[in-house]
Each structure stands twice: as structure tokens, then as C-alpha cells.
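What follows is one structure encoded as C-alpha cells, with my remarks underneath.
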Amino acid sequence: MPDIIQLLPDSVANQIAAGEVIQRPASVVKELVENAIDAGATQITINIKDAGRTLIQVSDNGCGMSDTDARMAFERHATSKIRSANDLFAIRTMGFRGEALASIAAIADVELHTRQHDQEIGTFIHINGSKVIAQEAGSCTAGTNFLVKNLFFNVPARRKFLKANSTELKQIINEVQRISLANPEIGISLIHNQQSVYELGKDDNIRKRIVAIFGKNISQSLIPVDTETSLVKIKGYIGQPKYARKTFGEQFFFVNNRFMKHPFFHRAIMQAYEKILPPESFPSYFLYFDVDPESIDINIHPTKTEIKFENEMAIWQIIQASVREALGKFNVVPSIDFDQ
Ligand code: ADP
Ligand code: MG
């Protein structure tokens with residue numbers, strides 16, 4: 001029998017890996033905006049056409065890339081953020097897997113304009129389905145500007161699987177809300193089909209950013225949470241029970257400035273609100289955890305929204321106690337009558 005095993009070409013390997021990182025247009029937005037944050041940007045503009053099917057453009061005023069780095073950035077496992085496996089246990093950046101740009105370039109048409117602040121000339125790169133079409137020097141503004149066109153042009157199954165534009169846009173808005181709430185000090189604009197969705201100026205605190213996103217009405221409902229233990233610091237806001245909504249969507253956990261999904265911690269909050277919520281409703285919460293980066297594992301899923309905590313049970317109890325205490329301070333006690 002002849003030998004039959006072959007290494008896959010990079011373009012195919014990238015396309016396979018892309019399936020895990022890039023599920024839909026919102027995933028591209030997430031990855032590009034996280035890169036802008038890691039680059040130290042203070043202003044990020046996200047310009048979308050047709051819910052991301054035709055164009056996802058993210059431009060930032062961050063550090064920019066050198067000519068060589070601009071090309072390297074599209075290689076798989078190419079990253080400036082970690083150097084060794086040890087670094088995985090103390091992640092302070094949003095990215096570290098070095099997969100996003102290689103993945104995006106494998107399944108879309110990508111243009112990159114980038115310039116470092118101390119350079120006069122920048123770099124332009126055009127990549128389509130992992131193939132470099134052009135790389136040349138040129139003038140451009142300092143920072144980085146990515147244009148991602150024709151997402152999934154070579155993955156018909158994925159393209160077909162995309163939902164209606166309204167649904168895909170909602171996913172993008174969710175992603176932008178999470179990132180904006182995690183980074184109130186960064187100015188963030190979201191434009192869809194030339195109409196402004198968000199124009200968030202730099203906000204100096206979380207409360208202002210919450211109001212900028214969800215509107216003035218939420219302001220009166222916000223109860224502050226502020227707890228400090230040796231395991232975790234928890235800051236942020238929870239919503240008064242009477243403002244709870246039937247629909248899920250204003251529940252946010254952040255750990256070390258990264259949005260995370262945590263159904264187990266969510267239950268700690270739901271239990272703290274037990275008996276004081278209108279039936280079948282969810283309280284809003286915006287809770288920011290600060291923990292030792294060595295006590296969490298971010299690297300359990302390619303999208304990094306699931307996070308494993310070393311002291312999960314203890315933190316669960318701290319969350320519940322903090323929420324109870326905050327509700328108690330605001331005299332929100334289980335005697336509220338809902339049948340008025
Ligand atoms: P990761 O973020 O995990 O390192 P990516 O594929 O997202 O991997 O990006 C690869 C590298 O490209 C980054 O490590 C960074 O050095 C560089 N890079 C990407 N986007 C930007 C940006 N907006 N500004 C400056 N550098 C960037
Ligand atoms: Mg990245």
C-alpha cells in the first residue's frame with residue numbers, strides 16, 4: 001500500500017481553522033476591534049455594509065504595524081502578544097492565539113492599510129482567500145485600517161447559513177456593546193449602511209457608557225456594586241428588580257476587561273434576586289471582575305468568551321453576597337408587591 005497521508009496546504013488549514021473563529025460577520029468585528037484595543041487605540045470606527053456581508057471596515061489610531069509585521073500578521077500562529085506557553089497563564093491582551101487574521105484572510109477579501117506613528121510611509125496589503133494579491137508602500141493615516149469584503153466567498157455552506165441581515169446586524173451590535181462596555185475610555189463609532197448606530201465619545205466611567213448605549217432611562221435603575229476580596233474585585237451595576245425585562249440581553253459579565261459568558265455565575269445573580277423579580281424576567285447587570293490573570297483560563301475556546309476560574313465556587317458565593325448586599329442597601333427587599 002502506498003503512503004497516503006499529506007500535510008494540508010496552509011490555505012486549507014486556515015480555512016478549517018477559520019470555521020472555529022469566524023462564525024459570522026460579528027466574529028470578524030469582534031476580532032478586528034479586539035486587535036485595535038490591543039494596539040492601544042483610543043478611537044475605533046466600525047463601518048459595516050449589508051450587515052457585514054459586503055463590507056466590514058475597522059479603523060483605529062493604534063500603534064500600526066511595520067511593513068514586515070503587516071505581512072506576518074496574516075500567518076497562522078503569528079502573534080506579538082505571547083512568546084511562550086508560560087505567557088498563556090497571565091494573559092493581559094484580548095488576543096494571543098495568532099489565528100484571527102489568518103482565518104479572516106482565508107475566507108474573505110482583505111485589504112490592510114497600516115502605518116506606525118513615527119513612520120512617514122505606511123503599508124498596503126491585499127489578500128484574497130489566503131493569496132497575497134499585492135503588498136506595497138503607500139501613504140495612509142497613522143494606525144490601522146482593515147477592509148474585509150465578501151465574507152465566506154469561498155465557503156458557500158457558511159454563506160448560506162447566514163441569517164437575515166437584521167439578525168446578523170443584531171449580533172454585530174451585541175458584539176460592539178460588549179466591547180464598548182468593557183472599554184468606556186475608548187471612543188467607538190458603529191456605522192451601518194452609512195447610518196450611525198453608535199457614536200460613543202470617550203466616557204470616563206462605566207455608568208456614562210451604560211447610559212450612552214442603553215439610554216437615559218436605565219440610569220435611575222442602576223444600583224452600584226463594589227466588593228473587594230483577596231480572590232476577586234467586583235465593580236459595576238445591577239438593575240432594580242422593577243426594571244427587569246422579559247427579554248434576555250442586558251446581562252454583562254467582564255473579567256479583566258473581557259466580556260464573558262458564565263451561566264453558572266448568572267445563576268448566582270438570579271438566586272440573589274429570587275422572590276423580588278416579576279415572574280419570568282431578568283434583571284440587568286453590568287459586573288466587572290478583576291482577578292489575578294493566573295487564576296483564570298481563557299484558552300478553552302477559540303472565541304475566548306468562556307472562561308474557567310480556579311476558584312469558581314468561592315467567587316460564586318462572593319457574587320451572590322455582593323448582589324444581595326447591594327439590593328439590601330437600596331432597600332430592595334422581598335416585600336415588593338407585583339400584583340398592583
Ligand atoms: P492575535 O491578536 O491573537 O495576536 P491576530 O491574528 O488577531 O492574532 O493578529 C496578529 C498580529 O497582528 C497581532 O499579534 C498584532 O501584532 C498584529 N495586529 C493585528 N491587528 C492590529 C492592529 N489593528 N494594529 C496593530 N497591530 C495589529
Ligand atoms: Mg487578534
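By order in the C-alpha cells, chains are A, B, ...; within a chain, residues start at 1; ligands start at 1, following the order shown.
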
What's around range 85-93 of chain A at 9 Å? Count only C-alpha atoms, leave out sequence neighbours fewer than 3 positions away in its own chain, and write the answer as a PyMOL selection string. chain A and resi 34-35+37-38+81-82+96+256+292-299

Now that the selection is made, can you save its residues with C-alpha atoms as a tab-separated table (two decimals), in the first residue's frame?
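Output contents, as saved in result.tsv:
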```
chain	number	residue	atom	x	y	z
A	34	GLU	CA	-10.02	43.45	19.86
A	35	ASN	CA	-6.86	43.85	17.79
A	37	ILE	CA	-7.72	47.63	21.51
A	38	ASP	CA	-4.54	45.58	21.91
A	81	LYS	CA	1.25	39.10	22.23
A	82	ILE	CA	2.77	35.96	23.71
A	96	PHE	CA	-2.92	35.76	21.88
A	256	ASN	CA	-10.16	41.69	33.41
A	292	ASP	CA	-5.28	37.55	39.06
A	293	PRO	CA	-4.78	36.55	35.38
A	294	GLU	CA	-3.09	33.40	36.62
A	295	SER	CA	-6.31	32.27	38.30
A	296	ILE	CA	-8.32	32.03	35.06
A	297	ASP	CA	-8.02	30.08	31.83
A	298	ILE	CA	-9.14	32.00	28.75
A	299	ASN	CA	-7.83	29.45	26.31
```

So which residues are near ligand 1, meaning at most 9 Å away with only C-alpha atoms and all ligand atoms counted, given back as a PDB file with C-alpha atoms, in the first residue's frame?
```pdb
ATOM      1  CA  GLU A  31     -11.557  40.062  16.254  1.00  0.00           C
ATOM      2  CA  LEU A  32     -10.676  43.292  14.451  1.00  0.00           C
ATOM      3  CA  VAL A  33     -11.865  45.540  17.263  1.00  0.00           C
ATOM      4  CA  GLU A  34     -10.021  43.448  19.857  1.00  0.00           C
ATOM      5  CA  ASN A  35      -6.857  43.847  17.789  1.00  0.00           C
ATOM      6  CA  ALA A  36      -7.393  47.612  17.715  1.00  0.00           C
ATOM      7  CA  ILE A  37      -7.718  47.633  21.510  1.00  0.00           C
ATOM      8  CA  ASP A  38      -4.543  45.584  21.905  1.00  0.00           C
ATOM      9  CA  ALA A  39      -2.837  48.104  19.600  1.00  0.00           C
ATOM     10  CA  GLY A  40      -3.619  50.839  22.131  1.00  0.00           C
ATOM     11  CA  ALA A  41      -6.259  52.621  20.031  1.00  0.00           C
ATOM     12  CA  VAL A  58     -12.430  48.655  11.191  1.00  0.00           C
ATOM     13  CA  SER A  59     -10.021  51.553  11.503  1.00  0.00           C
ATOM     14  CA  ASP A  60      -8.053  52.546  14.569  1.00  0.00           C
ATOM     15  CA  ASN A  61      -5.486  55.068  15.718  1.00  0.00           C
ATOM     16  CA  GLY A  62      -3.409  52.412  17.483  1.00  0.00           C
ATOM     17  CA  CYS A  63       0.297  51.663  17.080  1.00  0.00           C
ATOM     18  CA  GLY A  64       0.138  50.444  13.468  1.00  0.00           C
ATOM     19  CA  MET A  65       2.433  47.772  12.012  1.00  0.00           C
ATOM     20  CA  SER A  66       5.790  47.723  10.279  1.00  0.00           C
ATOM     21  CA  ASP A  69       4.757  42.705  10.573  1.00  0.00           C
ATOM     22  CA  ALA A  70       1.885  43.662   8.298  1.00  0.00           C
ATOM     23  CA  ARG A  71       2.645  40.598   6.167  1.00  0.00           C
ATOM     24  CA  MET A  72       3.449  38.361   9.163  1.00  0.00           C
ATOM     25  CA  ALA A  73       0.174  39.263  10.849  1.00  0.00           C
ATOM     26  CA  PHE A  74      -1.692  37.056   8.340  1.00  0.00           C
ATOM     27  CA  GLU A  75       0.321  33.918   9.102  1.00  0.00           C
ATOM     28  CA  ARG A  76      -1.299  31.337  11.327  1.00  0.00           C
ATOM     29  CA  HIS A  77       0.018  31.305  14.915  1.00  0.00           C
ATOM     30  CA  ALA A  78       1.755  34.637  14.281  1.00  0.00           C
ATOM     31  CA  THR A  79       1.332  36.974  17.247  1.00  0.00           C
ATOM     32  CA  SER A  80       3.150  39.784  19.000  1.00  0.00           C
ATOM     33  CA  LYS A  81       1.252  39.100  22.227  1.00  0.00           C
ATOM     34  CA  ILE A  82       2.765  35.958  23.707  1.00  0.00           C
ATOM     35  CA  THR A  93      -4.233  41.232  25.935  1.00  0.00           C
ATOM     36  CA  MET A  94      -7.507  40.454  24.163  1.00  0.00           C
ATOM     37  CA  GLY A  95      -5.763  38.267  21.585  1.00  0.00           C
ATOM     38  CA  PHE A  96      -2.918  35.764  21.879  1.00  0.00           C
ATOM     39  CA  ARG A  97      -3.733  32.854  19.565  1.00  0.00           C
ATOM     40  CA  GLY A  98      -2.464  34.483  16.379  1.00  0.00           C
ATOM     41  CA  GLU A  99      -5.328  32.977  14.404  1.00  0.00           C
ATOM     42  CA  ALA A 100      -7.832  35.686  13.633  1.00  0.00           C
ATOM     43  CA  LEU A 101      -6.202  37.457  10.702  1.00  0.00           C
ATOM     44  CA  ALA A 102      -5.068  34.194   9.072  1.00  0.00           C
ATOM     45  CA  SER A 103      -8.629  32.921   9.417  1.00  0.00           C
ATOM     46  CA  ILE A 104     -10.305  36.045   8.083  1.00  0.00           C
ATOM     47  CA  THR A 114      -1.278  50.449   8.285  1.00  0.00           C
ATOM     48  CA  ARG A 115       1.317  52.955   9.430  1.00  0.00           C
ATOM     49  CA  GLN A 116       3.309  53.341  12.626  1.00  0.00           C
ATOM     50  CA  GLY A 143      -2.865  53.413  12.794  1.00  0.00           C
ATOM     51  CA  THR A 144      -4.552  50.524  11.080  1.00  0.00           C
ATOM     52  CA  ASN A 145      -7.450  50.212   8.688  1.00  0.00           C
ATOM     53  CA  PHE A 146      -8.847  46.782   7.717  1.00  0.00           C
TER      54      PHE A 146
END
```

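Interatomic distance, CA of Gln177 in chain A against CA of Ile213 in chain A: 7.3 Å.
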
Straight-line distance linking CA of Asn183 in chain A with CA of Ala212 in chain A, stated in Å to one decimal: 12.8 Å

Need to verify the contact set: Ile56 in chain A, 12 Å, only C-alpha atoms, exclusion of same-chain residues closer than 4 positions in sequence. Can you return it as number ranges by chain? A: 24-33, 45-52, 104, 108-112, 145-151, 169, 172, 190-193

Neighbours of Val255 in chain A within 7 Å (only C-alpha atoms; same-chain residues fewer than 4 positions away dropped), as a list in words? Phe259, Met260, Tyr288, Phe289 and Asp290 of chain A

Pairwise distance for CA of Val21 in chain A and CA of Ala105 in chain A, rounded to one decimal in Å: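 Spanning CA of Val21 in chain A to CA of Ala105 in chain A is a straight-line distance of 12.1 Å.
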
Selected residue of minimal separation from ligand 2 among A:Lys304, A:Arg267, A:Arg178, A:Arg53, counting only C-alpha atoms and all ligand atoms: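 Ranked by minimum distance to ligand 2, first place goes to A:Lys304.
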
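Distances here use only C-alpha atoms and all ligand atoms; by that measure, the residue among A:Thr303, A:Gln195, A:Thr229, A:Gln23 closest to ligand 2 is A:Thr303.
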
Quick one: DSSP alpha helix (DSSP H) residues in range 56-261 of chain A, as a compact mmCIF listing (two decimals) with N, CA and C atoms, in the first residue's frame?
```txt
# COMPACT_ATOMS: atom_id res chain seq x y z
N ASP A 67 6.18 47.19 7.95
CA ASP A 67 5.96 46.53 6.68
C ASP A 67 6.03 45.00 6.83
N THR A 68 7.05 44.53 7.53
CA THR A 68 7.23 43.08 7.71
C THR A 68 6.12 42.50 8.59
N ASP A 69 5.81 43.20 9.68
CA ASP A 69 4.76 42.70 10.57
C ASP A 69 3.41 42.66 9.87
N ALA A 70 3.17 43.62 9.00
CA ALA A 70 1.89 43.66 8.30
C ALA A 70 1.68 42.37 7.50
N ARG A 71 2.74 41.85 6.92
CA ARG A 71 2.64 40.60 6.17
C ARG A 71 2.57 39.40 7.13
N MET A 72 3.40 39.45 8.17
CA MET A 72 3.45 38.36 9.16
C MET A 72 2.11 38.17 9.88
N ALA A 100 -6.70 34.96 14.20
CA ALA A 100 -7.83 35.69 13.63
C ALA A 100 -7.55 36.18 12.22
N LEU A 101 -6.44 36.88 12.03
CA LEU A 101 -6.20 37.46 10.70
C LEU A 101 -5.98 36.37 9.65
N ALA A 102 -5.26 35.30 10.02
CA ALA A 102 -5.07 34.19 9.07
C ALA A 102 -6.42 33.60 8.69
N SER A 103 -7.31 33.50 9.67
CA SER A 103 -8.63 32.92 9.42
C SER A 103 -9.47 33.83 8.52
N ILE A 104 -9.49 35.11 8.86
CA ILE A 104 -10.30 36.05 8.08
C ILE A 104 -9.80 36.10 6.64
N ALA A 105 -8.47 36.15 6.48
CA ALA A 105 -7.91 36.26 5.12
C ALA A 105 -8.15 35.00 4.30
N ALA A 106 -8.43 33.86 4.98
CA ALA A 106 -8.67 32.61 4.25
C ALA A 106 -10.06 32.57 3.64
N PRO A 156 -19.32 28.36 0.53
CA PRO A 156 -20.75 28.56 0.24
C PRO A 156 -21.65 28.07 1.37
N ALA A 157 -21.23 26.99 2.07
CA ALA A 157 -22.10 26.46 3.14
C ALA A 157 -22.28 27.52 4.23
N ARG A 158 -21.18 28.18 4.59
CA ARG A 158 -21.26 29.21 5.62
C ARG A 158 -22.08 30.41 5.16
N ARG A 159 -21.89 30.77 3.92
CA ARG A 159 -22.60 31.92 3.38
C ARG A 159 -24.10 31.68 3.43
N LYS A 160 -24.47 30.47 3.06
CA LYS A 160 -25.90 30.12 3.06
C LYS A 160 -26.47 30.12 4.47
N PHE A 161 -25.62 29.77 5.42
CA PHE A 161 -26.04 29.61 6.81
C PHE A 161 -26.28 30.96 7.50
N ASN A 165 -30.32 39.86 7.36
CA ASN A 165 -29.45 40.98 7.71
C ASN A 165 -29.77 41.54 9.09
N SER A 166 -31.07 41.60 9.43
CA SER A 166 -31.42 42.18 10.73
C SER A 166 -30.81 41.36 11.87
N THR A 167 -30.79 40.04 11.72
CA THR A 167 -30.23 39.18 12.76
C THR A 167 -28.72 39.32 12.83
N GLU A 168 -28.08 39.34 11.65
CA GLU A 168 -26.61 39.47 11.65
C GLU A 168 -26.21 40.84 12.22
N LEU A 169 -26.99 41.87 11.89
CA LEU A 169 -26.67 43.20 12.41
C LEU A 169 -26.82 43.22 13.93
N LYS A 170 -27.87 42.56 14.42
CA LYS A 170 -28.08 42.50 15.88
C LYS A 170 -26.88 41.85 16.56
N GLN A 171 -26.34 40.81 15.96
CA GLN A 171 -25.16 40.14 16.52
C GLN A 171 -23.97 41.10 16.56
N ILE A 172 -23.84 41.89 15.48
CA ILE A 172 -22.73 42.86 15.43
C ILE A 172 -22.92 43.90 16.53
N ILE A 173 -24.15 44.38 16.67
CA ILE A 173 -24.43 45.39 17.70
C ILE A 173 -24.14 44.81 19.09
N ASN A 174 -24.53 43.55 19.32
CA ASN A 174 -24.22 42.91 20.61
C ASN A 174 -22.73 42.91 20.88
N GLU A 175 -21.97 42.54 19.86
CA GLU A 175 -20.51 42.47 19.99
C GLU A 175 -19.95 43.86 20.31
N VAL A 176 -20.47 44.88 19.61
CA VAL A 176 -19.97 46.25 19.82
C VAL A 176 -20.38 46.74 21.21
N GLN A 177 -21.56 46.38 21.67
CA GLN A 177 -21.97 46.75 23.04
C GLN A 177 -21.02 46.17 24.07
N ARG A 178 -20.70 44.88 23.91
CA ARG A 178 -19.82 44.22 24.89
C ARG A 178 -18.46 44.92 24.93
N ILE A 179 -17.91 45.16 23.75
CA ILE A 179 -16.56 45.75 23.70
C ILE A 179 -16.60 47.19 24.22
N SER A 180 -17.67 47.91 23.91
CA SER A 180 -17.78 49.31 24.36
C SER A 180 -17.94 49.39 25.87
N LEU A 181 -18.70 48.46 26.44
CA LEU A 181 -18.88 48.46 27.89
C LEU A 181 -17.58 48.07 28.59
N ALA A 182 -16.80 47.23 27.96
CA ALA A 182 -15.53 46.80 28.56
C ALA A 182 -14.48 47.90 28.48
N ILE A 206 -17.94 53.86 33.72
CA ILE A 206 -18.82 52.80 33.21
C ILE A 206 -20.26 53.27 33.13
N ARG A 207 -20.66 54.02 34.17
CA ARG A 207 -22.05 54.46 34.23
C ARG A 207 -22.42 55.29 32.99
N LYS A 208 -21.53 56.22 32.65
CA LYS A 208 -21.78 57.07 31.48
C LYS A 208 -21.88 56.22 30.22
N ARG A 209 -21.01 55.22 30.13
CA ARG A 209 -21.02 54.38 28.94
C ARG A 209 -22.31 53.55 28.86
N ILE A 210 -22.77 53.05 30.02
CA ILE A 210 -24.02 52.27 30.03
C ILE A 210 -25.17 53.15 29.53
N VAL A 211 -25.20 54.39 30.02
CA VAL A 211 -26.27 55.31 29.63
C VAL A 211 -26.14 55.67 28.15
N ALA A 212 -24.89 55.86 27.68
CA ALA A 212 -24.69 56.20 26.26
C ALA A 212 -25.21 55.09 25.35
N ILE A 213 -25.14 53.86 25.82
CA ILE A 213 -25.58 52.74 24.98
C ILE A 213 -27.07 52.44 25.16
N PHE A 214 -27.52 52.40 26.43
CA PHE A 214 -28.89 51.93 26.66
C PHE A 214 -29.90 53.05 26.90
```

Identify all residues of range 98-274 of chain A in strand (DSSP E) (DSSP on the backbone) and supply them as an NGL selection string. :A and (109-115 or 122-128 or 131-138 or 143-149 or 187-192 or 195-200 or 222-228 or 233-239 or 251-255 or 258-260)

For Thr247 in chain A: contacts at 10 Å, only C-alpha atoms, fewer than 5 positions along chain excluded, given as an MDAnalysis selection string: chainID A and resid 280:283

Residues as selected, N, CA and C atoms, written as a tab-separated table (two decimals), in the first residue's frame, can you do that?
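The result, stored in selection03.tsv:
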```
chain	number	residue	atom	x	y	z
A	280	GLU	N	-40.78	35.51	35.41
A	280	GLU	CA	-40.12	35.30	34.12
A	280	GLU	C	-39.45	36.54	33.57
A	281	SER	N	-38.72	37.22	34.41
A	281	SER	CA	-37.99	38.38	33.93
A	281	SER	C	-36.54	38.30	34.39
A	282	PHE	N	-35.71	39.11	33.75
A	282	PHE	CA	-34.27	39.07	34.03
A	282	PHE	C	-33.79	40.46	34.45
A	283	PRO	N	-33.06	40.52	35.54
A	283	PRO	CA	-32.51	41.82	35.94
A	283	PRO	C	-31.35	42.19	35.03
```

Hey, what's within 7 Å of Ala268 in chain A if we count only C-alpha atoms and toss same-chain stuff fewer than 6 positions away? As a PyMOL selection string, please? chain A and resi 316+319-320

Mind dumping the selected residues with C-alpha atoms as a PDB file, in the first residue's frame?
```pdb
ATOM      1  CA  TRP A 316     -19.992  32.327  43.038  1.00  0.00           C
ATOM      2  CA  ILE A 319     -21.091  37.404  43.643  1.00  0.00           C
ATOM      3  CA  GLN A 320     -24.254  36.336  45.371  1.00  0.00           C
TER       4      GLN A 320
END
```

Within 8 Å of Asn311 in chain A using only C-alpha atoms, minus same-chain residues under 3 positions, as a list in words: Leu231, Ser295, Ala314 and Ile315 of chain A

Create the file for the chosen residues now, containing N, CA and C atoms and written as a PDB file, in the first residue's frame.
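Generated output (again-v9.pdb):
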```
ATOM      1  N   LEU A 231      -9.714  37.232  46.435  1.00  0.00           N
ATOM      2  CA  LEU A 231      -9.859  36.442  45.209  1.00  0.00           C
ATOM      3  C   LEU A 231     -10.317  37.267  44.024  1.00  0.00           C
ATOM      4  N   SER A 295      -5.268  33.101  37.700  1.00  0.00           N
ATOM      5  CA  SER A 295      -6.305  32.272  38.303  1.00  0.00           C
ATOM      6  C   SER A 295      -7.454  31.968  37.329  1.00  0.00           C
ATOM      7  N   ALA A 314     -16.059  29.713  45.256  1.00  0.00           N
ATOM      8  CA  ALA A 314     -15.873  30.841  46.180  1.00  0.00           C
ATOM      9  C   ALA A 314     -16.348  32.130  45.510  1.00  0.00           C
ATOM     10  N   ILE A 315     -16.025  32.310  44.236  1.00  0.00           N
ATOM     11  CA  ILE A 315     -16.431  33.540  43.542  1.00  0.00           C
ATOM     12  C   ILE A 315     -17.952  33.578  43.381  1.00  0.00           C
TER      13      ILE A 315
END
```

Residue with smallest distance to Ile127 in chain A - pool A:His113, A:Phe252, A:Ile300, A:Ala17, counting only C-alpha atoms: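 Ranking A:His113, A:Phe252, A:Ile300, A:Ala17 by distance to Ile127 in chain A, first place goes to A:His113.
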